[in-house]
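Student: What follows is input-v9.cif; its format and atoms are mmCIF, C-alpha atoms.
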data_structure
loop_
_atom_site.label_atom_id
_atom_site.label_comp_id
_atom_site.auth_asym_id
_atom_site.auth_seq_id
_atom_site.Cartn_x
_atom_site.Cartn_y
_atom_site.Cartn_z
CA MET A 1 9.79 -8.89 3.27
CA ILE A 2 6.04 -8.60 3.75
CA LYS A 3 6.09 -4.80 3.79
CA THR A 4 8.23 -4.75 0.64
CA SER A 5 5.70 -6.99 -1.08
CA ILE A 6 2.86 -4.78 0.09
CA ALA A 7 4.66 -1.65 -1.13
CA THR A 8 5.21 -3.27 -4.52
CA ALA A 9 1.58 -4.34 -4.75
CA LEU A 10 0.39 -0.85 -3.83
CA ALA A 11 2.68 0.75 -6.39
CA LEU A 12 1.43 -1.60 -9.10
CA ALA A 13 -2.19 -0.98 -8.15
CA LEU A 14 -1.69 2.76 -8.28
CA ALA A 15 0.15 2.54 -11.58
CA ALA A 16 -2.72 0.50 -12.98
CA GLY A 17 -5.11 3.34 -12.28
CA SER A 18 -6.81 2.09 -9.16
CA ALA A 19 -5.90 5.11 -7.03
CA MET A 20 -9.42 5.09 -5.61
CA ALA A 21 -8.69 1.88 -3.70
CA GLU A 22 -10.10 1.63 -0.20
CA PHE A 23 -7.55 0.68 2.41
CA LYS A 24 -8.53 -1.54 5.34
CA ASP A 25 -6.56 -3.14 8.16
CA PHE A 26 -5.66 -6.76 7.42
CA THR A 27 -3.43 -9.49 8.77
CA VAL A 28 -0.79 -11.44 6.85
CA ASN A 29 0.91 -14.39 8.53
CA GLY A 30 -0.16 -13.04 11.91
CA GLU A 31 1.21 -9.52 11.26
CA LEU A 32 -1.25 -6.62 11.23
CA VAL A 33 -0.98 -4.19 8.32
CA THR A 34 -2.88 -1.02 9.21
CA LYS A 35 -4.75 1.38 6.99
CA ALA A 36 -2.29 4.12 8.00
CA GLU A 37 0.70 2.01 6.88
CA GLN A 38 -0.96 1.33 3.54
CA GLU A 39 -1.78 5.01 3.00
CA LYS A 40 1.81 5.99 3.84
CA LEU A 41 3.21 3.46 1.36
CA ALA A 42 0.77 4.61 -1.32
CA ALA A 43 1.75 8.26 -0.76
CA GLU A 44 5.43 7.34 -1.02
CA ALA A 45 4.78 5.40 -4.23
CA LEU A 46 2.96 8.35 -5.76
CA ALA A 47 5.67 10.77 -4.65
CA SER A 48 8.38 8.65 -6.27
CA ASN A 49 6.45 8.46 -9.56
CA PRO A 50 4.05 11.38 -10.01
CA ASN A 51 3.07 10.20 -13.54
CA PRO A 52 1.68 6.69 -13.08
#
I need this file expressed as structure tokens, please.
Tutor:
Amino acid sequence: MIKTSIATALALALAAGSAMAEFKDFTVNGELVTKAEQEKLAAEALASNPNP
């Protein structure tokens, strides 16, 4: 659930033109979300929609 929400948020941020966002590790409800996970999700979002 959390990763789905993060993926959705990343996709919306990228679609809104903030592709220059800086990713940092953070914790949500005790679960670590790493910079690498965020970058992977962002790359997947861009690959699925190359014309944001």
Student: Could you work out how far atom CA of A:Ala7 lies from atom CA of A:Val33, giving the answer in Å with one decimal?
Tutor: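 Computing it gives 11.3 Å between the two atoms.
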Student: If we count only C-alpha atoms, what is near A:Phe26 at a cut-off of 12 Å, once residues fewer than 2 positions away on the same chain are taken out, given as a PyMOL selection string?
Tutor: chain A and resi 6+23-24+28-38
Student: So which one's closest to A:Asp25, A:Glu39, A:Asn51, A:Ala45, A:Thr8? Using all atoms listed in the file, please.
Tutor: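 Smallest separation from A:Asp25 among the options: A:Glu39.
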